[in-house]
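Below is one structure, written out as C-alpha cells; comments come after it.
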Amino acid sequence: TGAKAQDRKTCHVEAWGNCSMCKKTIEKAAKTEGVEKAEWNRETKVFTLVYNPAVISNEKAQKNIAAAGYDTEKFTGDDKAYEKLPGCCHYERKKKDDTNHTNHQH
C-alpha cells in the first residue's frame with residue numbers, strides 16, 4: 001500500500017549553504033521517514049521537500065536541517081553542528097534579528 005498522490009505534499013523552503021557538501025548534508029538530514037524527496041538547489045538556496053504530512057511535517061524536516069547546522073527560513077542552525085561543518089560549508093549565516101549585533105555583548 002504505497003502513499004497515494006493526495007497523501008503527499010510539496011513545499012519549497014529556503015535553506016542556507018554553500019557547496020555540494022552542504023547539499024549532501026542538508027538532503028541527508030531532511031530525508032527521514034515520511035520524506036519522499038529532499039532536494040536542495042545550491043544556486044537558489046531553495047529546498048524542495050516532497051513528504052507525507054501524516055508522517056512528518058514541513059517544520060520537523062526544517063528542524064532536522066537546522067540540527068545538522070544549517071539555517072532555514074524558520075529555524076536557526078545549531079551552532080555546535082555549524083562549527084563542526086567543513087570550512088567550505090561555513091556559509092554566511094542569517095542574523096537572528098537581521099541586524100549586525102551578533103558580535104556585540106550588551
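Just so we're on the same page: first chain in the C-alpha cells is A, next is B, and so on; residues restart at 1 for each chain, and ligands are numbered from 1 in the order they show up.
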Please identify all polymer residues within 6 Å of Gly69 (chain A), counting only C-alpha atoms, omitting same-chain residues fewer than 4 positions from it, and present them as a compact mmCIF listing (two decimals) with C-alpha atoms, in the first residue's frame.
```
# COMPACT_ATOMS: atom_id res chain seq x y z
CA GLY A 77 21.03 26.09 12.54
CA ASP A 78 22.56 24.51 15.62
CA ALA A 81 26.80 21.48 14.42
CA TYR A 82 27.68 24.53 12.31
```
- Backbone-only DSSP, strand (DSSP E) members of chain A, as an NGL selection string: :A and (9-14 or 35-41 or 46-51)
- Task: Identify all residues of chain A in helix (DSSP H, G or I) (DSSP on the backbone) and supply them as a PyMOL selection string.
- Result: chain A and resi 5-7+20-30+58-67+79-84+87-89
- Skip Glu73 (chain A) itself and residues of its chain fewer than 2 positions away, then list as a list in words all residues within 7 Å of it, counting only C-alpha atoms.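 Result of the neighbour search: Val13, Glu14, Ala15, Asp71 and Phe75 of chain A.
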- Query: What is the distance between CA of Asn52 (chain A) and CA of Lys9 (chain A), in Å to one decimal?
  - Reply: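 One can read the CA of Asn52 (chain A) to CA of Lys9 (chain A) distance as 6.2 Å.
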- Item | Spatial neighbours of Lys31 (chain A), 10 Å, only C-alpha atoms, chain gap at least 2 places, as a VMD selection string | chain A and resid 25 to 29 33 to 39 49 to 51 61 64 to 65
- Message: Using only C-alpha atoms, which protein or nucleic acid residues come within 8 Å of Gln62 (chain A)? Drop anything in the same chain fewer than 2 positions from it, and give the result as a PyMOL selection string.
- Response: chain A and resi 30+58-60+64-66+72+74-75
Given the selection you just returned, output its residues as a file containing N, CA and C atoms, formatted as a PDB file, in the first residue's frame.
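Output file out.pdb is given in full below:
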```
ATOM      1  N   ALA A  30      17.322  15.910   5.974  1.00  0.00           N
ATOM      2  CA  ALA A  30      15.873  16.025   5.766  1.00  0.00           C
ATOM      3  C   ALA A  30      15.226  14.712   5.348  1.00  0.00           C
ATOM      4  N   ASN A  58       6.489  19.741   7.591  1.00  0.00           N
ATOM      5  CA  ASN A  58       7.459  20.640   6.979  1.00  0.00           C
ATOM      6  C   ASN A  58       8.395  21.182   8.077  1.00  0.00           C
ATOM      7  N   GLU A  59       7.804  21.579   9.222  1.00  0.00           N
ATOM      8  CA  GLU A  59       8.598  22.132  10.338  1.00  0.00           C
ATOM      9  C   GLU A  59       9.603  21.111  10.866  1.00  0.00           C
ATOM     10  N   LYS A  60       9.165  19.863  11.002  1.00  0.00           N
ATOM     11  CA  LYS A  60      10.058  18.824  11.525  1.00  0.00           C
ATOM     12  C   LYS A  60      11.236  18.609  10.571  1.00  0.00           C
ATOM     13  N   ASN A  64      15.205  19.215  11.375  1.00  0.00           N
ATOM     14  CA  ASN A  64      16.274  18.243  11.112  1.00  0.00           C
ATOM     15  C   ASN A  64      17.433  18.897  10.373  1.00  0.00           C
ATOM     16  N   ILE A  65      17.119  19.786   9.432  1.00  0.00           N
ATOM     17  CA  ILE A  65      18.163  20.510   8.695  1.00  0.00           C
ATOM     18  C   ILE A  65      18.909  21.439   9.657  1.00  0.00           C
ATOM     19  N   ALA A  66      18.165  22.133  10.512  1.00  0.00           N
ATOM     20  CA  ALA A  66      18.773  23.046  11.488  1.00  0.00           C
ATOM     21  C   ALA A  66      19.676  22.275  12.454  1.00  0.00           C
ATOM     22  N   THR A  72      17.410  27.542   8.176  1.00  0.00           N
ATOM     23  CA  THR A  72      16.303  27.504   7.217  1.00  0.00           C
ATOM     24  C   THR A  72      15.493  28.766   7.461  1.00  0.00           C
ATOM     25  N   LYS A  74      12.713  29.131   8.796  1.00  0.00           N
ATOM     26  CA  LYS A  74      12.013  29.150  10.083  1.00  0.00           C
ATOM     27  C   LYS A  74      12.917  28.900  11.287  1.00  0.00           C
ATOM     28  N   PHE A  75      14.021  28.185  11.067  1.00  0.00           N
ATOM     29  CA  PHE A  75      14.858  27.775  12.204  1.00  0.00           C
ATOM     30  C   PHE A  75      16.315  28.143  11.977  1.00  0.00           C
TER      31      PHE A  75
END
```
- Using only C-alpha atoms, which of A:Lys94, A:Glu83, A:Lys23, A:Thr32 sits nearest Ser57 (chain A)?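 Once distances to Ser57 (chain A) are computed over only C-alpha atoms, the minimum belongs to A:Thr32.
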- Item | For CA of His12 (chain A) and CA of Cys88 (chain A), the interatomic separation in Å (one decimal) | 24.4 Å
